[in-house]
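Asks: Handing over input08.cif, mmCIF, C-alpha atoms.
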data_work
loop_
_atom_site.label_atom_id
_atom_site.label_comp_id
_atom_site.auth_asym_id
_atom_site.auth_seq_id
_atom_site.Cartn_x
_atom_site.Cartn_y
_atom_site.Cartn_z
CA GLU B 1 126.85 90.75 164.40
CA ALA B 2 128.73 87.90 162.72
CA HIS B 3 125.63 87.03 160.75
CA ALA B 4 125.14 90.69 159.74
CA GLY B 5 128.79 90.90 158.74
CA ALA B 6 128.49 87.75 156.66
CA VAL B 7 125.34 89.09 154.98
CA GLN B 8 127.13 92.38 154.26
CA GLU B 9 130.10 90.49 152.78
CA LEU B 10 127.74 88.40 150.66
CA ARG B 11 125.99 91.52 149.40
CA ALA B 12 129.33 93.13 148.54
CA SER B 13 130.47 89.93 146.78
CA HIS B 14 127.19 89.73 144.91
CA ALA B 15 127.42 93.41 143.90
CA ALA B 16 130.98 92.87 142.67
CA ALA B 17 129.87 89.81 140.69
CA VAL B 18 126.99 91.79 139.16
CA ASP B 19 129.40 94.63 138.27
CA ALA B 20 131.74 92.11 136.65
CA MET B 21 128.85 90.58 134.70
CA GLU B 22 127.68 94.01 133.54
CA GLU B 23 131.23 94.96 132.52
CA ALA B 24 131.54 91.70 130.55
CA ALA B 25 128.19 92.41 128.88
CA ALA B 26 129.33 95.98 128.05
CA GLN B 27 132.60 94.63 126.61
CA SER B 28 130.59 92.12 124.56
CA ALA B 29 128.37 94.94 123.25
CA ARG B 30 131.42 97.08 122.45
CA ALA B 31 133.11 94.18 120.66
CA ALA B 32 129.96 93.55 118.61
CA ALA B 33 129.68 97.29 117.79
CA ASP B 34 133.36 97.39 116.76
CA ALA B 35 132.91 94.34 114.54
CA GLN B 36 129.79 95.89 112.97
CA ALA B 37 131.63 99.18 112.38
CA ALA B 38 134.54 97.31 110.76
CA HIS B 39 132.10 95.48 108.48
CA VAL B 40 130.37 98.75 107.50
CA ALA B 41 133.75 100.40 106.86
CA ALA B 42 134.86 97.46 104.69
CA VAL B 43 131.66 97.60 102.63
CA GLN B 44 131.98 101.40 102.28
CA ALA B 45 135.61 101.10 101.21
CA MET B 46 134.66 98.48 98.63
CA GLU B 47 131.89 100.69 97.25
CA GLU B 48 134.20 103.70 97.11
CA ALA B 49 136.92 101.68 95.34
CA HIS B 50 134.36 100.36 92.87
CA ASP B 51 132.94 103.84 92.20
CA GLY B 52 136.43 105.29 91.80
CA ALA B 53 137.43 102.54 89.36
CA VAL B 54 134.27 103.13 87.32
CA GLU B 55 134.88 106.90 87.24
CA THR B 56 138.52 106.39 86.21
CA LEU B 57 137.47 103.98 83.47
CA GLN B 58 134.79 106.38 82.22
CA ALA B 59 137.22 109.31 82.16
CA ALA B 60 139.87 107.26 80.35
CA HIS B 61 137.26 106.03 77.89
CA ALA B 62 136.01 109.56 77.22
CA GLU B 63 139.59 110.77 76.71
CA GLU B 64 140.35 107.88 74.37
CA VAL B 65 137.14 108.55 72.40
CA THR B 66 138.03 112.25 72.05
CA GLU B 67 141.52 111.44 70.85
CA VAL B 68 140.28 108.74 68.49
CA GLU B 69 137.65 111.04 67.03
CA ALA B 70 140.25 113.75 66.43
CA ARG B 71 142.57 111.31 64.74
CA ALA B 72 139.70 109.74 62.79
CA ALA B 73 139.02 113.05 61.12
CA GLU B 74 142.60 112.98 59.90
CA ASP B 75 143.14 109.31 59.14
CA ALA B 76 140.52 106.56 58.98
CA ALA B 77 143.11 103.79 59.18
CA SER B 78 144.65 105.38 62.28
CA HIS B 79 141.16 105.66 63.74
CA ALA B 80 140.53 101.94 63.28
CA GLU B 81 143.83 101.05 64.95
CA ALA B 82 143.18 103.44 67.80
CA LEU B 83 139.70 102.01 68.20
CA ARG B 84 141.09 98.50 68.52
CA ALA B 85 143.65 99.72 71.06
CA MET B 86 140.90 101.48 73.00
CA GLU B 87 138.75 98.34 73.00
CA GLU B 88 141.67 96.29 74.28
CA ALA B 89 142.41 98.89 76.96
CA HIS B 90 138.73 98.94 77.90
CA ALA B 91 138.62 95.14 78.11
CA GLY B 92 141.75 95.16 80.30
CA ALA B 93 140.30 97.86 82.52
CA VAL B 94 137.06 95.91 82.88
CA GLN B 95 139.00 92.79 83.77
CA GLU B 96 141.03 94.69 86.38
CA LEU B 97 137.85 96.20 87.78
CA ARG B 98 136.28 92.75 88.07
CA ALA B 99 139.38 91.43 89.84
CA SER B 100 139.40 94.46 92.17
CA HIS B 101 135.68 94.03 92.87
CA ALA B 102 136.16 90.31 93.62
CA ALA B 103 139.03 91.13 96.01
CA ALA B 104 136.88 93.77 97.72
CA VAL B 105 134.02 91.27 98.08
CA ASP B 106 136.43 88.70 99.56
CA ALA B 107 137.71 91.31 102.02
CA MET B 108 134.15 92.23 102.99
CA GLU B 109 133.22 88.58 103.53
CA GLU B 110 136.35 88.03 105.64
CA ALA B 111 135.52 91.12 107.70
CA ALA B 112 131.96 89.81 108.18
CA ALA B 113 133.33 86.41 109.26
CA GLN B 114 135.71 88.11 111.73
CA SER B 115 132.78 90.17 113.03
CA ALA B 116 130.74 87.01 113.56
CA ARG B 117 133.65 85.30 115.33
CA ALA B 118 134.19 88.34 117.56
CA ALA B 119 130.47 88.40 118.44
CA ALA B 120 130.55 84.66 119.22
CA ASP B 121 133.64 85.10 121.43
CA ALA B 122 132.01 88.00 123.25
CA GLN B 123 128.84 85.95 123.81
CA ALA B 124 130.88 83.02 125.15
CA ALA B 125 132.75 85.36 127.50
CA HIS B 126 129.45 86.80 128.71
CA VAL B 127 128.01 83.33 129.36
CA ALA B 128 131.17 82.31 131.23
CA ALA B 129 131.05 85.47 133.35
CA VAL B 130 127.40 84.89 134.25
CA GLN B 131 128.12 81.24 135.13
CA ALA B 132 131.10 82.24 137.26
CA MET B 133 128.99 84.84 139.07
CA GLU B 134 126.23 82.31 139.73
CA GLU B 135 128.74 79.75 141.03
CA ALA B 136 130.39 82.37 143.27
CA HIS B 137 126.98 83.48 144.53
CA ASP B 138 125.89 79.91 145.27
CA GLY B 139 129.20 79.20 147.04
CA ALA B 140 128.87 82.34 149.15
CA VAL B 141 125.29 81.45 150.09
CA GLU B 142 126.32 77.92 151.08
CA THR B 143 129.23 79.26 153.14
CA LEU B 144 126.97 81.76 154.88
CA GLN B 145 124.33 79.13 155.59
CA ALA B 146 126.93 76.77 157.06
CA ALA B 147 128.41 79.56 159.20
CA HIS B 148 124.94 80.60 160.33
CA ALA B 149 123.98 77.02 161.24
CA GLU B 150 127.23 76.64 163.21
CA GLU B 151 126.58 79.91 165.04
CA VAL B 152 123.00 78.87 165.83
CA THR B 153 124.23 75.50 167.15
CA GLU B 154 126.78 77.22 169.39
CA VAL B 155 124.23 79.75 170.60
CA GLU B 156 121.70 76.99 171.38
CA ALA B 157 124.40 75.00 173.21
CA ARG B 158 125.38 78.02 175.28
CA ALA B 159 121.71 78.74 175.96
CA ALA B 160 121.20 75.17 177.22
CA GLU B 161 124.30 75.46 179.44
CA ASP B 162 123.12 78.85 180.72
CA ALA B 163 119.66 77.43 181.45
CA ALA B 164 121.14 74.48 183.35
CA SER B 165 123.48 76.79 185.29
CA HIS B 166 120.60 79.15 186.02
CA ALA B 167 118.40 76.30 187.27
CA GLU B 168 121.26 75.04 189.45
CA ALA B 169 121.84 78.51 190.87
CA LEU B 170 118.10 78.94 191.47
CA ARG B 171 117.92 75.65 193.37
CA ALA B 172 120.95 76.62 195.45
CA MET B 173 119.40 80.01 196.22
CA GLU B 174 116.10 78.40 197.17
CA GLU B 175 117.89 75.90 199.44
CA ALA B 176 119.90 78.70 201.06
CA HIS B 177 116.72 80.74 201.48
CA ALA B 178 114.92 77.79 203.01
CA GLY B 179 117.88 77.14 205.32
CA ALA B 180 117.97 80.79 206.34
CA VAL B 181 114.22 80.73 207.11
#
What would you get if you wrote out this structure as structure tokens?
Replies:
Amino acid sequence: EAHAGAVQELRASHAAAVDAMEEAAAQSARAAADAQAAHVAAVQAMEEAHDGAVETLQAAHAEEVTEVEARAAEDAASHAEALRAMEEAHAGAVQELRASHAAAVDAMEEAAAQSARAAADAQAAHVAAVQAMEEAHDGAVETLQAAHAEEVTEVEARAAEDAASHAEALRAMEEAHAGAV
């Protein structure tokens, strides 16, 4: 019964360790999925910001062209001045767009680096959990084996004592029987 109880406790401990390992693996998978989703969201946000900046620049450029063309019909000198102003505004807008794009790329790369770090941390946690489970399992097996060996030794000792006592009782009974005869 003690041996069966110890085996049952070992199985329960092993099942708990397996559950803990599986939970750690699930957390690692969730962390990796979260990091991947954050990276995708960062890339999408960068693309949307870039597209929006391009659309805004195109709309402003079209509006400037329309206004310049209307003024050009009235005054060629005014048209030339407006054209220079438009080119300067366009150059500034392009420069701002490049700066915004570079910042978005930096943010995406930082998000990717954070994702990689999170995945590495999750992997390390998973490895540690598996190692802890294996150590706990080995310790439980060693404890059970020691307890079982001790129980077997005690049982064998009691069996030897019982055999000696039985032989002694048998001799006494045989002597009494012989005396009675």
Asks: Assuming the chain letters and numbering stay as they are in my file, what does the PyMOL selection byres ((chain B and resi 53-60) around 12) actually select? List them as an NGL selection string.
Replies: :B and (46-52 or 61-68 or 86-87 or 89-101)
Asks: In terms of the shortest atom-to-atom distance over all atoms listed in the file, which of B:Glu1, B:Glu135, B:Glu22, B:Glu174 is closest to His148 (chain B)?
Replies: B:Glu1
Asks: Using the chain letters and numbers from the file, which residues does the PyMOL selection byres ((chain B and resi 27-37) around 7) grab, as a ChimeraX atom specification?
Replies: /B:23-26,38-41,115,118-119,122-123,126
Asks: Name the closest residue to His14 (chain B) among the candidates B:Glu142, B:Glu110, B:Glu134, B:Glu154; distances are taken between atoms, counting all atoms listed in the file.
Replies: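 That would be B:Glu134, the residue with the smallest distance to His14 (chain B).
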Asks: Rank nothing, just name the residue among B:Leu170, B:Ala12, B:Ala178, B:Ala17 nearest to Ala136 (chain B), using all atoms listed in the file.
Replies: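 Comparing B:Leu170, B:Ala12, B:Ala178, B:Ala17 against Ala136 (chain B), the winner is B:Ala17.
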Asks: Mind pulling up the distance from CA of Arg117 (chain B) to CA of Ala102 (chain B)?
Replies: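 Distance between the two atoms: 22.4 Å.
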Asks: If I take CA of Val181 (chain B) and CA of Asp162 (chain B), how far is one from the other in Å, to one decimal?
Replies: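 We find that CA of Val181 (chain B) and CA of Asp162 (chain B) lie 27.9 Å from each other.
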Asks: Would you work out the distance separating CA of Ala129 (chain B) from CA of Ala113 (chain B), expressed in Å to one decimal?
Replies: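 Going from CA of Ala129 (chain B) over to CA of Ala113 (chain B), I get 24.2 Å.
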Asks: For Ala104 (chain B), which of B:Leu10, B:Glu168, B:Val43, B:Gly179 is the closest residue, counting only C-alpha atoms?
Replies: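 Ranked by minimum distance to Ala104 (chain B), first place goes to B:Val43.
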Asks: Take region 96-132 of chain B, model N, CA and C atoms, and hand the result over as a PDB file, in the coordinates of the input.
Replies:
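Output saved as out.pdb:
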ATOM      1  N   GLU B  96     140.424  94.241  85.121  1.00  0.00           N
ATOM      2  CA  GLU B  96     141.030  94.690  86.380  1.00  0.00           C
ATOM      3  C   GLU B  96     139.961  95.112  87.384  1.00  0.00           C
ATOM      4  N   LEU B  97     138.934  95.772  86.891  1.00  0.00           N
ATOM      5  CA  LEU B  97     137.850  96.200  87.780  1.00  0.00           C
ATOM      6  C   LEU B  97     137.141  94.991  88.393  1.00  0.00           C
ATOM      7  N   ARG B  98     136.926  93.957  87.546  1.00  0.00           N
ATOM      8  CA  ARG B  98     136.280  92.750  88.070  1.00  0.00           C
ATOM      9  C   ARG B  98     137.160  92.082  89.138  1.00  0.00           C
ATOM     10  N   ALA B  99     138.474  92.025  88.851  1.00  0.00           N
ATOM     11  CA  ALA B  99     139.380  91.430  89.840  1.00  0.00           C
ATOM     12  C   ALA B  99     139.379  92.243  91.127  1.00  0.00           C
ATOM     13  N   SER B 100     139.425  93.598  90.987  1.00  0.00           N
ATOM     14  CA  SER B 100     139.400  94.460  92.170  1.00  0.00           C
ATOM     15  C   SER B 100     138.104  94.297  92.951  1.00  0.00           C
ATOM     16  N   HIS B 101     136.982  94.201  92.214  1.00  0.00           N
ATOM     17  CA  HIS B 101     135.680  94.030  92.870  1.00  0.00           C
ATOM     18  C   HIS B 101     135.624  92.693  93.610  1.00  0.00           C
ATOM     19  N   ALA B 102     136.158  91.626  92.966  1.00  0.00           N
ATOM     20  CA  ALA B 102     136.160  90.310  93.620  1.00  0.00           C
ATOM     21  C   ALA B 102     137.010  90.342  94.886  1.00  0.00           C
ATOM     22  N   ALA B 103     138.176  91.026  94.812  1.00  0.00           N
ATOM     23  CA  ALA B 103     139.030  91.130  96.010  1.00  0.00           C
ATOM     24  C   ALA B 103     138.314  91.908  97.111  1.00  0.00           C
ATOM     25  N   ALA B 104     137.605  92.981  96.726  1.00  0.00           N
ATOM     26  CA  ALA B 104     136.880  93.770  97.720  1.00  0.00           C
ATOM     27  C   ALA B 104     135.770  92.950  98.364  1.00  0.00           C
ATOM     28  N   VAL B 105     135.078  92.132  97.535  1.00  0.00           N
ATOM     29  CA  VAL B 105     134.020  91.270  98.080  1.00  0.00           C
ATOM     30  C   VAL B 105     134.613  90.242  99.040  1.00  0.00           C
ATOM     31  N   ASP B 106     135.772  89.650  98.667  1.00  0.00           N
ATOM     32  CA  ASP B 106     136.430  88.700  99.560  1.00  0.00           C
ATOM     33  C   ASP B 106     136.794  89.368 100.888  1.00  0.00           C
ATOM     34  N   ALA B 107     137.340  90.597 100.798  1.00  0.00           N
ATOM     35  CA  ALA B 107     137.710  91.310 102.020  1.00  0.00           C
ATOM     36  C   ALA B 107     136.487  91.594 102.883  1.00  0.00           C
ATOM     37  N   MET B 108     135.375  91.952 102.238  1.00  0.00           N
ATOM     38  CA  MET B 108     134.150  92.230 102.990  1.00  0.00           C
ATOM     39  C   MET B 108     133.645  90.959 103.679  1.00  0.00           C
ATOM     40  N   GLU B 109     133.691  89.830 102.939  1.00  0.00           N
ATOM     41  CA  GLU B 109     133.220  88.580 103.530  1.00  0.00           C
ATOM     42  C   GLU B 109     134.120  88.149 104.688  1.00  0.00           C
ATOM     43  N   GLU B 110     135.436  88.362 104.548  1.00  0.00           N
ATOM     44  CA  GLU B 110     136.350  88.030 105.640  1.00  0.00           C
ATOM     45  C   GLU B 110     136.081  88.911 106.859  1.00  0.00           C
ATOM     46  N   ALA B 111     135.828  90.218 106.594  1.00  0.00           N
ATOM     47  CA  ALA B 111     135.520  91.120 107.700  1.00  0.00           C
ATOM     48  C   ALA B 111     134.222  90.699 108.389  1.00  0.00           C
ATOM     49  N   ALA B 112     133.227  90.266 107.584  1.00  0.00           N
ATOM     50  CA  ALA B 112     131.960  89.810 108.180  1.00  0.00           C
ATOM     51  C   ALA B 112     132.188  88.555 109.005  1.00  0.00           C
ATOM     52  N   ALA B 113     133.047  87.635 108.502  1.00  0.00           N
ATOM     53  CA  ALA B 113     133.330  86.410 109.260  1.00  0.00           C
ATOM     54  C   ALA B 113     134.052  86.746 110.565  1.00  0.00           C
ATOM     55  N   GLN B 114     135.014  87.693 110.510  1.00  0.00           N
ATOM     56  CA  GLN B 114     135.710  88.110 111.730  1.00  0.00           C
ATOM     57  C   GLN B 114     134.731  88.752 112.709  1.00  0.00           C
ATOM     58  N   SER B 115     133.798  89.546 112.173  1.00  0.00           N
ATOM     59  CA  SER B 115     132.780  90.170 113.030  1.00  0.00           C
ATOM     60  C   SER B 115     131.941  89.115 113.725  1.00  0.00           C
ATOM     61  N   ALA B 116     131.546  88.084 112.959  1.00  0.00           N
ATOM     62  CA  ALA B 116     130.740  87.010 113.560  1.00  0.00           C
ATOM     63  C   ALA B 116     131.530  86.262 114.615  1.00  0.00           C
ATOM     64  N   ARG B 117     132.831  85.992 114.325  1.00  0.00           N
ATOM     65  CA  ARG B 117     133.650  85.300 115.330  1.00  0.00           C
ATOM     66  C   ARG B 117     133.807  86.137 116.590  1.00  0.00           C
ATOM     67  N   ALA B 118     134.032  87.465 116.392  1.00  0.00           N
ATOM     68  CA  ALA B 118     134.190  88.340 117.560  1.00  0.00           C
ATOM     69  C   ALA B 118     132.910  88.366 118.390  1.00  0.00           C
ATOM     70  N   ALA B 119     131.755  88.405 117.705  1.00  0.00           N
ATOM     71  CA  ALA B 119     130.470  88.400 118.440  1.00  0.00           C
ATOM     72  C   ALA B 119     130.293  87.092 119.193  1.00  0.00           C
ATOM     73  N   ALA B 120     130.675  85.957 118.548  1.00  0.00           N
ATOM     74  CA  ALA B 120     130.550  84.660 119.220  1.00  0.00           C
ATOM     75  C   ALA B 120     131.476  84.579 120.436  1.00  0.00           C
ATOM     76  N   ASP B 121     132.710  85.095 120.290  1.00  0.00           N
ATOM     77  CA  ASP B 121     133.640  85.100 121.430  1.00  0.00           C
ATOM     78  C   ASP B 121     133.099  85.955 122.566  1.00  0.00           C
ATOM     79  N   ALA B 122     132.550  87.128 122.215  1.00  0.00           N
ATOM     80  CA  ALA B 122     132.010  88.000 123.250  1.00  0.00           C
ATOM     81  C   ALA B 122     130.833  87.346 123.961  1.00  0.00           C
ATOM     82  N   GLN B 123     129.983  86.637 123.201  1.00  0.00           N
ATOM     83  CA  GLN B 123     128.840  85.950 123.810  1.00  0.00           C
ATOM     84  C   GLN B 123     129.315  84.847 124.741  1.00  0.00           C
ATOM     85  N   ALA B 124     130.342  84.083 124.294  1.00  0.00           N
ATOM     86  CA  ALA B 124     130.880  83.020 125.150  1.00  0.00           C
ATOM     87  C   ALA B 124     131.471  83.592 126.433  1.00  0.00           C
ATOM     88  N   ALA B 125     132.178  84.731 126.310  1.00  0.00           N
ATOM     89  CA  ALA B 125     132.750  85.360 127.500  1.00  0.00           C
ATOM     90  C   ALA B 125     131.650  85.821 128.455  1.00  0.00           C
ATOM     91  N   HIS B 126     130.564  86.340 127.884  1.00  0.00           N
ATOM     92  CA  HIS B 126     129.450  86.800 128.710  1.00  0.00           C
ATOM     93  C   HIS B 126     128.811  85.623 129.457  1.00  0.00           C
ATOM     94  N   VAL B 127     128.598  84.520 128.739  1.00  0.00           N
ATOM     95  CA  VAL B 127     128.010  83.330 129.360  1.00  0.00           C
ATOM     96  C   VAL B 127     128.908  82.812 130.487  1.00  0.00           C
ATOM     97  N   ALA B 128     130.228  82.778 130.211  1.00  0.00           N
ATOM     98  CA  ALA B 128     131.170  82.310 131.230  1.00  0.00           C
ATOM     99  C   ALA B 128     131.157  83.218 132.457  1.00  0.00           C
ATOM    100  N   ALA B 129     131.072  84.537 132.223  1.00  0.00           N
ATOM    101  CA  ALA B 129     131.050  85.470 133.350  1.00  0.00           C
ATOM    102  C   ALA B 129     129.797  85.277 134.195  1.00  0.00           C
ATOM    103  N   VAL B 130     128.665  85.104 133.512  1.00  0.00           N
ATOM    104  CA  VAL B 130     127.400  84.890 134.250  1.00  0.00           C
ATOM    105  C   VAL B 130     127.474  83.589 135.048  1.00  0.00           C
ATOM    106  N   GLN B 131     128.017  82.531 134.429  1.00  0.00           N
ATOM    107  CA  GLN B 131     128.120  81.240 135.130  1.00  0.00           C
ATOM    108  C   GLN B 131     129.038  81.357 136.335  1.00  0.00           C
ATOM    109  N   ALA B 132     130.171  82.063 136.150  1.00  0.00           N
ATOM    110  CA  ALA B 132     131.100  82.240 137.260  1.00  0.00           C
ATOM    111  C   ALA B 132     130.447  83.027 138.397  1.00  0.00           C
TER     112      ALA B 132
END
